[in-house]
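Q: protein.pdb is the file, holding PDB, C-alpha atoms:
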```
ATOM      1  CA  MET A   1     -10.253  41.370 -24.982
ATOM      2  CA  LEU A   2     -13.447  39.333 -25.367
ATOM      3  CA  SER A   3     -12.005  37.236 -28.186
ATOM      4  CA  ARG A   4      -8.901  36.572 -26.069
ATOM      5  CA  PHE A   5     -11.157  35.396 -23.213
ATOM      6  CA  PHE A   6     -12.918  32.852 -25.443
ATOM      7  CA  TYR A   7      -9.568  31.769 -26.887
ATOM      8  CA  CYS A   8      -8.231  31.090 -23.375
ATOM      9  CA  CYS A   9     -11.371  29.109 -22.459
ATOM     10  CA  ALA A  10     -11.078  27.021 -25.598
ATOM     11  CA  LEU A  11      -7.402  26.391 -24.929
ATOM     12  CA  LEU A  12      -8.125  25.269 -21.376
ATOM     13  CA  LEU A  13     -10.800  22.864 -22.609
ATOM     14  CA  LEU A  14      -8.404  21.474 -25.192
ATOM     15  CA  VAL A  15      -5.794  20.889 -22.499
ATOM     16  CA  LEU A  16      -8.369  19.002 -20.405
ATOM     17  CA  VAL A  17      -9.399  16.847 -23.375
ATOM     18  CA  LEU A  18      -5.849  15.951 -24.384
ATOM     19  CA  SER A  19      -4.120  15.765 -21.017
ATOM     20  CA  SER A  20      -4.347  13.635 -17.930
ATOM     21  CA  CYS A  21      -2.189  11.158 -16.087
ATOM     22  CA  GLY A  22      -4.345   8.420 -17.620
ATOM     23  CA  GLY A  23      -2.983   8.819 -21.144
ATOM     24  CA  GLY A  24      -4.389   6.673 -23.936
ATOM     25  CA  HIS A  25      -8.029   7.154 -22.918
ATOM     26  CA  THR A  26     -10.795   8.616 -25.062
ATOM     27  CA  THR A  27     -11.742  11.865 -23.314
ATOM     28  CA  ARG A  28     -14.227  14.635 -24.070
ATOM     29  CA  VAL A  29     -15.549  17.663 -22.220
ATOM     30  CA  ILE A  30     -19.354  17.759 -21.983
ATOM     31  CA  GLU A  31     -20.723  21.064 -23.266
ATOM     32  CA  THR A  32     -24.375  21.890 -22.607
ATOM     33  CA  ARG A  33     -26.403  25.051 -22.075
ATOM     34  CA  GLU A  34     -26.219  24.395 -18.332
ATOM     35  CA  THR A  35     -22.416  24.019 -18.266
ATOM     36  CA  ARG A  36     -21.279  26.649 -20.752
ATOM     37  CA  GLU A  37     -20.761  29.296 -18.041
ATOM     38  CA  LEU A  38     -18.517  27.023 -15.978
ATOM     39  CA  LYS A  39     -14.753  27.246 -15.997
ATOM     40  CA  GLY A  40     -12.948  24.618 -18.010
ATOM     41  CA  TRP A  41     -11.954  22.482 -15.030
ATOM     42  CA  GLU A  42     -15.499  22.694 -13.611
ATOM     43  CA  LYS A  43     -17.164  21.181 -16.666
ATOM     44  CA  PRO A  44     -18.282  17.535 -16.619
ATOM     45  CA  TYR A  45     -16.279  15.223 -18.841
ATOM     46  CA  GLU A  46     -16.260  11.636 -20.070
ATOM     47  CA  VAL A  47     -13.384   9.172 -20.183
ATOM     48  CA  ASP A  48     -13.987   5.994 -22.160
ATOM     49  CA  GLY A  49     -17.728   6.580 -21.882
ATOM     50  CA  GLN A  50     -17.792   7.172 -18.116
ATOM     51  CA  ARG A  51     -18.929  10.595 -16.926
ATOM     52  CA  TYR A  52     -17.216  12.573 -14.167
ATOM     53  CA  ASP A  53     -18.603  15.750 -12.612
ATOM     54  CA  PRO A  54     -15.927  17.915 -10.945
ATOM     55  CA  LEU A  55     -16.927  19.172  -7.521
ATOM     56  CA  ARG A  56     -17.189  22.919  -6.993
ATOM     57  CA  ASP A  57     -18.609  23.139  -3.464
ATOM     58  CA  HIS A  58     -16.532  21.295  -0.915
ATOM     59  CA  GLN A  59     -16.802  21.036   2.850
ATOM     60  CA  GLY A  60     -15.055  18.318   4.792
ATOM     61  CA  PHE A  61     -14.250  16.093   1.791
ATOM     62  CA  SER A  62     -12.703  12.799   2.916
ATOM     63  CA  GLN A  63     -12.199   9.653   0.887
ATOM     64  CA  ARG A  64     -10.560   6.262   1.393
ATOM     65  CA  GLY A  65      -9.261   4.016  -1.347
ATOM     66  CA  ILE A  66      -6.201   3.008  -3.317
ATOM     67  CA  ALA A  67      -3.484   5.483  -4.301
ATOM     68  CA  SER A  68      -1.140   4.908  -7.219
ATOM     69  CA  TRP A  69       1.606   7.068  -8.740
ATOM     70  CA  TYR A  70       2.931   8.213 -12.103
ATOM     71  CA  GLY A  71       6.474   9.158 -13.023
ATOM     72  CA  ASP A  72       8.931   9.667 -15.858
ATOM     73  CA  LYS A  73       6.558   8.530 -18.630
ATOM     74  CA  PHE A  74       4.556  11.714 -18.031
ATOM     75  CA  HIS A  75       7.394  13.978 -16.818
ATOM     76  CA  GLY A  76       7.386  17.193 -18.861
ATOM     77  CA  ARG A  77       3.890  16.717 -20.270
ATOM     78  CA  LYS A  78       0.999  19.094 -19.663
ATOM     79  CA  THR A  79      -1.385  18.361 -16.822
ATOM     80  CA  SER A  80      -5.118  19.006 -16.962
ATOM     81  CA  ASN A  81      -4.763  22.581 -15.705
ATOM     82  CA  GLY A  82      -2.090  23.417 -18.294
ATOM     83  CA  GLU A  83       0.932  23.131 -16.002
ATOM     84  CA  ILE A  84       3.911  20.986 -16.899
ATOM     85  CA  TYR A  85       4.013  17.783 -14.887
ATOM     86  CA  ASP A  86       7.055  17.601 -12.629
ATOM     87  CA  MET A  87       7.471  14.164 -11.108
ATOM     88  CA  TYR A  88       9.630  15.694  -8.355
ATOM     89  CA  ALA A  89       6.955  18.184  -7.234
ATOM     90  CA  MET A  90       4.349  17.414  -4.584
ATOM     91  CA  THR A  91       1.285  17.124  -6.803
ATOM     92  CA  ALA A  92      -1.491  14.653  -7.555
ATOM     93  CA  ALA A  93      -4.309  13.773  -9.926
ATOM     94  CA  HIS A  94      -7.927  13.321  -8.841
ATOM     95  CA  LYS A  95     -11.020  12.720 -10.952
ATOM     96  CA  THR A  96     -13.355  15.290  -9.375
ATOM     97  CA  LEU A  97     -11.646  17.546  -6.816
ATOM     98  CA  PRO A  98     -11.126  21.171  -7.924
ATOM     99  CA  LEU A  99      -7.772  21.754  -9.573
ATOM    100  CA  GLY A 100      -5.503  23.756  -7.306
ATOM    101  CA  VAL A 101      -6.920  22.426  -4.036
ATOM    102  CA  TYR A 102      -4.489  20.974  -1.495
ATOM    103  CA  VAL A 103      -5.151  17.589   0.087
ATOM    104  CA  ARG A 104      -3.592  15.569   2.873
ATOM    105  CA  VAL A 105      -2.900  11.970   1.861
ATOM    106  CA  THR A 106      -2.312   9.486   4.683
ATOM    107  CA  ARG A 107      -1.069   5.956   4.072
ATOM    108  CA  LEU A 108      -3.301   3.778   6.219
ATOM    109  CA  GLN A 109      -0.716   1.024   6.736
ATOM    110  CA  ASN A 110       1.829   3.200   8.527
ATOM    111  CA  GLY A 111       0.144   6.551   9.260
ATOM    112  CA  ARG A 112       2.662   8.467   7.155
ATOM    113  CA  SER A 113       1.119  11.680   5.784
ATOM    114  CA  ILE A 114       1.897  14.227   3.040
ATOM    115  CA  ILE A 115       0.271  17.327   1.534
ATOM    116  CA  VAL A 116      -0.066  17.622  -2.245
ATOM    117  CA  ARG A 117      -1.730  19.992  -4.694
ATOM    118  CA  VAL A 118      -4.215  18.590  -7.228
ATOM    119  CA  ASN A 119      -3.280  19.768 -10.725
ATOM    120  CA  ASP A 120      -4.320  16.847 -12.929
ATOM    121  CA  ARG A 121      -7.209  14.481 -13.665
ATOM    122  CA  GLY A 122      -7.112  10.726 -13.038
ATOM    123  CA  PRO A 123      -6.454   7.972 -12.257
ATOM    124  CA  PHE A 124      -8.864   6.301 -14.676
ATOM    125  CA  VAL A 125      -8.304   2.813 -13.313
ATOM    126  CA  ALA A 126     -11.060   1.006 -11.412
ATOM    127  CA  GLY A 127     -10.616   1.099  -7.657
ATOM    128  CA  ARG A 128      -8.034   3.905  -7.530
ATOM    129  CA  ILE A 129      -8.921   7.296  -6.089
ATOM    130  CA  ILE A 130      -5.739   9.379  -6.457
ATOM    131  CA  ASP A 131      -2.561   9.351  -8.553
ATOM    132  CA  LEU A 132       0.484  10.802  -6.779
ATOM    133  CA  SER A 133       3.604  12.277  -8.288
ATOM    134  CA  TYR A 134       6.775  10.235  -7.896
ATOM    135  CA  ALA A 135       8.036  12.543  -5.140
ATOM    136  CA  ALA A 136       4.779  12.283  -3.186
ATOM    137  CA  ALA A 137       4.619   8.508  -3.562
ATOM    138  CA  ASP A 138       8.248   8.201  -2.485
ATOM    139  CA  LYS A 139       7.547  10.086   0.746
ATOM    140  CA  LEU A 140       4.738   7.645   1.501
ATOM    141  CA  GLY A 141       6.959   4.695   0.625
ATOM    142  CA  ILE A 142       4.773   3.255  -2.132
ATOM    143  CA  THR A 143       6.997   3.579  -5.198
ATOM    144  CA  ASP A 144       8.081  -0.057  -5.020
ATOM    145  CA  ALA A 145       4.648  -1.517  -4.301
ATOM    146  CA  GLY A 146       2.986   0.783  -6.840
ATOM    147  CA  THR A 147      -0.235   1.206  -4.855
ATOM    148  CA  ALA A 148      -1.356   1.492  -1.240
ATOM    149  CA  PRO A 149      -4.574   2.173   0.713
ATOM    150  CA  VAL A 150      -4.827   5.820   1.742
ATOM    151  CA  GLN A 151      -7.155   8.443   3.125
ATOM    152  CA  VAL A 152      -7.537  11.703   1.204
ATOM    153  CA  GLN A 153      -8.644  14.801   3.125
ATOM    154  CA  ALA A 154      -9.091  18.097   1.299
ATOM    155  CA  LEU A 155      -7.552  21.100   3.049
ATOM    156  CA  GLY A 156      -8.474  23.944   0.699
ATOM    157  CA  TYR A 157      -6.514  26.599  -1.142
ATOM    158  CA  LYS A 158      -3.099  27.609   0.138
ATOM    159  CA  GLU A 159      -2.668  31.033   1.723
ATOM    160  CA  THR A 160       0.501  32.600   3.125
ATOM    161  CA  ASP A 161       0.416  35.420   5.663
ATOM    162  CA  ARG A 162       3.761  36.711   6.967
ATOM    163  CA  GLY A 163       5.411  33.404   6.317
ATOM    164  CA  THR A 164       2.628  31.349   7.916
ATOM    165  CA  ILE A 165       0.948  28.822   5.641
ATOM    166  CA  SER A 166      -2.739  28.059   6.063
ATOM    167  CA  TYR A 167      -5.454  26.487   3.941
ATOM    168  CA  ARG A 168      -8.739  28.174   3.182
ATOM    169  CA  PRO A 169     -11.417  25.459   2.948
ATOM    170  CA  PRO A 170     -13.943  25.659   0.120
ATOM    171  CA  THR A 171     -17.562  26.017   1.142
ATOM    172  CA  SER A 172     -18.813  22.440   0.678
ATOM    173  CA  TYR A 173     -17.093  19.263  -0.452
ATOM    174  CA  ASP A 174     -19.937  16.825  -0.438
ATOM    175  CA  ALA A 175     -23.007  18.577  -1.811
ATOM    176  CA  GLY A 176     -24.671  17.402  -4.983
ATOM    177  CA  SER A 177     -26.966  14.823  -6.486
ATOM    178  CA  PHE A 178     -25.408  11.496  -7.413
ATOM    179  CA  ALA A 179     -26.438   8.120  -8.771
ATOM    180  CA  VAL A 180     -24.662   4.802  -9.134
ATOM    181  CA  GLN A 181     -24.248   3.272 -12.566
ATOM    182  CA  VAL A 182     -24.495  -0.490 -12.112
ATOM    183  CA  GLY A 183     -24.288  -1.624 -15.714
ATOM    184  CA  ALA A 184     -24.316  -0.766 -19.412
ATOM    185  CA  PHE A 185     -26.056  -2.868 -22.068
ATOM    186  CA  SER A 186     -26.161  -2.982 -25.833
ATOM    187  CA  VAL A 187     -29.582  -4.668 -25.679
ATOM    188  CA  ARG A 188     -32.283  -2.176 -24.690
ATOM    189  CA  ASP A 189     -34.662  -4.675 -23.097
ATOM    190  CA  ASN A 190     -31.975  -6.019 -20.764
ATOM    191  CA  ALA A 191     -31.283  -2.527 -19.416
ATOM    192  CA  TYR A 192     -34.948  -1.671 -18.819
ATOM    193  CA  ARG A 193     -35.581  -5.058 -17.218
ATOM    194  CA  LEU A 194     -32.752  -4.520 -14.717
ATOM    195  CA  ALA A 195     -33.862  -0.943 -14.017
ATOM    196  CA  ALA A 196     -37.370  -2.161 -13.203
ATOM    197  CA  GLN A 197     -35.999  -4.769 -10.797
ATOM    198  CA  LEU A 198     -33.760  -2.270  -9.015
ATOM    199  CA  ARG A 199     -36.516   0.344  -8.863
ATOM    200  CA  ASN A 200     -38.554  -2.029  -6.700
ATOM    201  CA  SER A 201     -35.674  -2.274  -4.213
ATOM    202  CA  TYR A 202     -34.155   1.210  -4.290
ATOM    203  CA  GLY A 203     -37.053   3.464  -5.294
ATOM    204  CA  LYS A 204     -35.292   5.150  -8.195
ATOM    205  CA  ALA A 205     -33.602   3.629 -11.228
ATOM    206  CA  ASP A 206     -33.526   4.812 -14.808
ATOM    207  CA  VAL A 207     -31.852   4.147 -18.134
ATOM    208  CA  GLN A 208     -29.596   6.658 -19.874
ATOM    209  CA  THR A 209     -28.700   6.193 -23.544
ATOM    210  CA  ALA A 210     -25.373   7.124 -25.104
ATOM    211  CA  LEU A 211     -23.342   6.455 -28.219
ATOM    212  CA  VAL A 212     -19.999   4.819 -27.392
ATOM    213  CA  ASN A 213     -17.689   4.343 -30.365
ATOM    214  CA  GLY A 214     -20.716   4.548 -32.648
ATOM    215  CA  ARG A 215     -22.650   1.936 -30.693
ATOM    216  CA  GLN A 216     -25.889   2.637 -28.817
ATOM    217  CA  MET A 217     -25.519   1.769 -25.139
ATOM    218  CA  TYR A 218     -28.124   1.707 -22.351
ATOM    219  CA  ARG A 219     -26.789   2.635 -18.908
ATOM    220  CA  VAL A 220     -28.659   1.645 -15.759
ATOM    221  CA  ARG A 221     -28.358   4.199 -12.950
ATOM    222  CA  VAL A 222     -29.784   3.730  -9.475
ATOM    223  CA  GLY A 223     -30.639   6.012  -6.559
ATOM    224  CA  ASP A 224     -30.552   9.717  -5.842
ATOM    225  CA  TYR A 225     -27.815  10.330  -3.257
ATOM    226  CA  ARG A 226     -27.400  13.826  -1.848
ATOM    227  CA  SER A 227     -23.751  13.416  -0.909
ATOM    228  CA  LEU A 228     -20.697  11.921  -2.560
ATOM    229  CA  GLU A 229     -19.942   9.916   0.579
ATOM    230  CA  ARG A 230     -23.336   8.168   0.480
ATOM    231  CA  ALA A 231     -22.988   7.471  -3.224
ATOM    232  CA  GLU A 232     -19.533   5.936  -2.756
ATOM    233  CA  GLN A 233     -20.853   3.768   0.064
ATOM    234  CA  ALA A 234     -23.619   2.635  -2.269
ATOM    235  CA  VAL A 235     -20.984   1.674  -4.853
ATOM    236  CA  LEU A 236     -19.397  -0.642  -2.292
ATOM    237  CA  ASP A 237     -22.787  -2.172  -1.528
ATOM    238  CA  PHE A 238     -23.610  -2.737  -5.207
ATOM    239  CA  SER A 239     -20.122  -4.086  -5.920
ATOM    240  CA  GLY A 240     -20.618  -6.674  -3.196
ATOM    241  CA  SER A 241     -24.070  -7.608  -4.511
ATOM    242  CA  GLY A 242     -23.168  -8.745  -7.998
ATOM    243  CA  TYR A 243     -22.412  -5.429  -9.736
ATOM    244  CA  PRO A 244     -18.588  -5.162  -9.538
ATOM    245  CA  GLY A 245     -18.325  -2.480 -12.219
ATOM    246  CA  SER A 246     -20.464   0.070 -10.364
ATOM    247  CA  PHE A 247     -19.310   3.689 -10.117
ATOM    248  CA  VAL A 248     -20.616   7.123  -9.054
ATOM    249  CA  VAL A 249     -22.050   9.553 -11.573
ATOM    250  CA  ALA A 250     -23.739  12.927 -11.232
ATOM    251  CA  PHE A 251     -27.451  12.217 -11.482
ATOM    252  CA  ASP A 252     -28.848  13.557 -14.771
TER
END
```
Show me, as structure tokens, the structure contained in the file I just sent.

A:
Amino acid sequence: MLSRFFYCCALLLLVLVLSSCGGGHTTRVIETRETRELKGWEKPYEVDGQRYDPLRDHQGFSQRGIASWYGDKFHGRKTSNGEIYDMYAMTAAHKTLPLGVYVRVTRLQNGRSIIVRVNDRGPFVAGRIIDLSYAAADKLGITDAGTAPVQVQALGYKETDRGTISYRPPTSYDAGSFAVQVGAFSVRDNAYRLAAQLRNSYGKADVQTALVNGRQMYRVRVGDYRSLERAEQAVLDFSGSGYPGSFVVAFD
């Protein structure tokens, strides 16, 4: 029984590494002593050198940004939770929301709203926050345009009692400790120089090192934000202040 448990965990991790709606990316699950007890979908992971930390505690999660969709190219492939992607089902991909959670997606241009279940990871394209199935995108009327501004609101996990559907909200959607990565450099001195400048303005900035495709990189991360919402607002501020490639990371 124990060996079967570890086999299932390894299989789930392999599915996460090899599958996502953003095919063609270099993906790895981050295994450390601190994360080894987590479920496969809870473990932090990297895509093309960028780290993502799936949320486990969620209360009142709400996010605005660009939605896209994916269709027949991925139809029949495995999603990040091991299911088979069905482009005609009401599902979606999100980078950090728990797999299995239901979310309401509202198109901001016309107020049209749908409910989808998150069963995949992605989209790994700058500026996009959710990837909808073809069926979900069609109901919002964005299949022709390809993308549209939306609001994502997490509802929780679906429960049915005597034919009545309700959603049990997770405990907290926004808790955590986050930073904003504003740049990555191959020259060490450039990274530390920028970190020192930003530390004077924002109080906290450090440099994280990582090997990317065999090359040593120095990543400058700023701030210590106690909610995802504040960190995402900071990304907008940095993007408008000369750091267009900024993104949220879990603060190490």

Q: When you count only C-alpha atoms, which of these residues is closest to Leu236 (chain A): A:Asn200, A:Val182, A:Ala137, A:Asp120?

A: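 Smallest distance to Leu236 (chain A) is found for A:Val182.
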
Q: Using the chain letters and numbers from the file, give me the residues hit by the PyMOL selection byres ((chain A and resi 187) around 9), as a count of residues only.

A: 9

Q: If I take CA of Glu229 (chain A) and CA of Lys139 (chain A), how far is one from the other in Å, to one decimal?

A: 27.5 Å

Q: Could you tell me which residues the PyMOL selection byres ((chain A and resi 133) around 6) returns for this structure, as a PyMOL selection string?

A: chain A and resi 69-70+87+91-92+132+134-136

Q: So which one's closest to Arg121 (chain A), A:Asp53, A:Asp86, A:Asp206, A:Asp138? Using all atoms listed in the file, please.

A: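 When distances to Arg121 (chain A) are compared using all atoms listed in the file, the smallest one comes from A:Asp53.
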
Q: Carefully work through the PyMOL selection byres ((chain A and resi 248) around 6) for this structure and note down the residues it includes, as a list of chain:residue names.

A: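 Output from the PyMOL selection byres ((chain A and resi 248) around 6), applied to this file: A:Ala179, A:Val180, A:Phe247, A:Val249.
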
Q: Figure out the distance between CA of Tyr102 (chain A) and CA of Arg230 (chain A), please, to one decimal in Å.

A: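 These two atoms are separated by 22.9 Å.
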
Q: Tell me which residues come within 9 Å of (-28.7, -5.5, -3.1), as a list in words, counting all atoms listed in the file in the file's coordinates.

A: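 Residues with an atom at most 9 Å from (-28.7, -5.5, -3.1): Leu198, Ser201, Tyr202, Asp237, Phe238, Gly240, Ser241 and Gly242 of chain A.
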
Q: Go through A:Arg112, A:Arg64, A:Lys78, A:Arg193 one by one, measure the shortest atom-to-atom distance of each to Ala154 (chain A) using all atoms listed in the file, and give the residue with the smallest value.

A: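 The shortest atom-to-atom distance to Ala154 (chain A) comes from A:Arg64.
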
Q: Give me the residues near Thr32 (chain A) as a list of chain:residue names, where near means some atom within 12 Å (using all atoms listed in the file) and where sequence neighbours in that chain fewer than 6 positions away do not count.

A: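 Within the cut-off, the hits are A:Leu38, A:Lys43, A:Pro44, A:Tyr45.
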
Q: Since we have the selection now, will you write its residues out, keeping C-alpha atoms, as a JSON list (two decimals), keeping the file's coordinate frame?

A:
```
[["chain", "number", "residue", "atom", "x", "y", "z"],
["A", 38, "LEU", "CA", -18.52, 27.02, -15.98],
["A", 43, "LYS", "CA", -17.16, 21.18, -16.67],
["A", 44, "PRO", "CA", -18.28, 17.54, -16.62],
["A", 45, "TYR", "CA", -16.28, 15.22, -18.84]]
```

Q: Would you work out the distance separating CA of Tyr52 (chain A) from CA of Thr96 (chain A), expressed in Å to one decimal?

A: 6.7 Å

Q: Between A:Lys204, A:Asn119, A:Asn110, A:Ser246, which one has atoms that come closest to Gly82 (chain A), using all atoms listed in the file?

A: A:Asn119

Q: Skip Tyr167 (chain A) itself and residues of its chain fewer than 5 positions away, then list as a VMD selection string all residues within 8 Å of it, counting only C-alpha atoms.

A: chain A and resid 102 155 to 159

Q: So which residues touch Leu108 (chain A) within 8 Å, counting only C-alpha atoms, skipping near sequence neighbours fewer than 6 positions away, as a ChimeraX atom specification?

A: /A:149-151

Q: Quick one: of A:Asn213, A:Gln197, A:Gln181, A:Gln208, who's nearest to Tyr243 (chain A), counting all atoms listed in the file?

A: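 Smallest distance to Tyr243 (chain A) is found for A:Gln181.
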
Q: Between A:His94, A:Ser68, A:Val118, A:Ala126, which is the closest to Gly141 (chain A) once you count only C-alpha atoms?

A: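 Of the candidates, the smallest distance to Gly141 (chain A) is held by A:Ser68.
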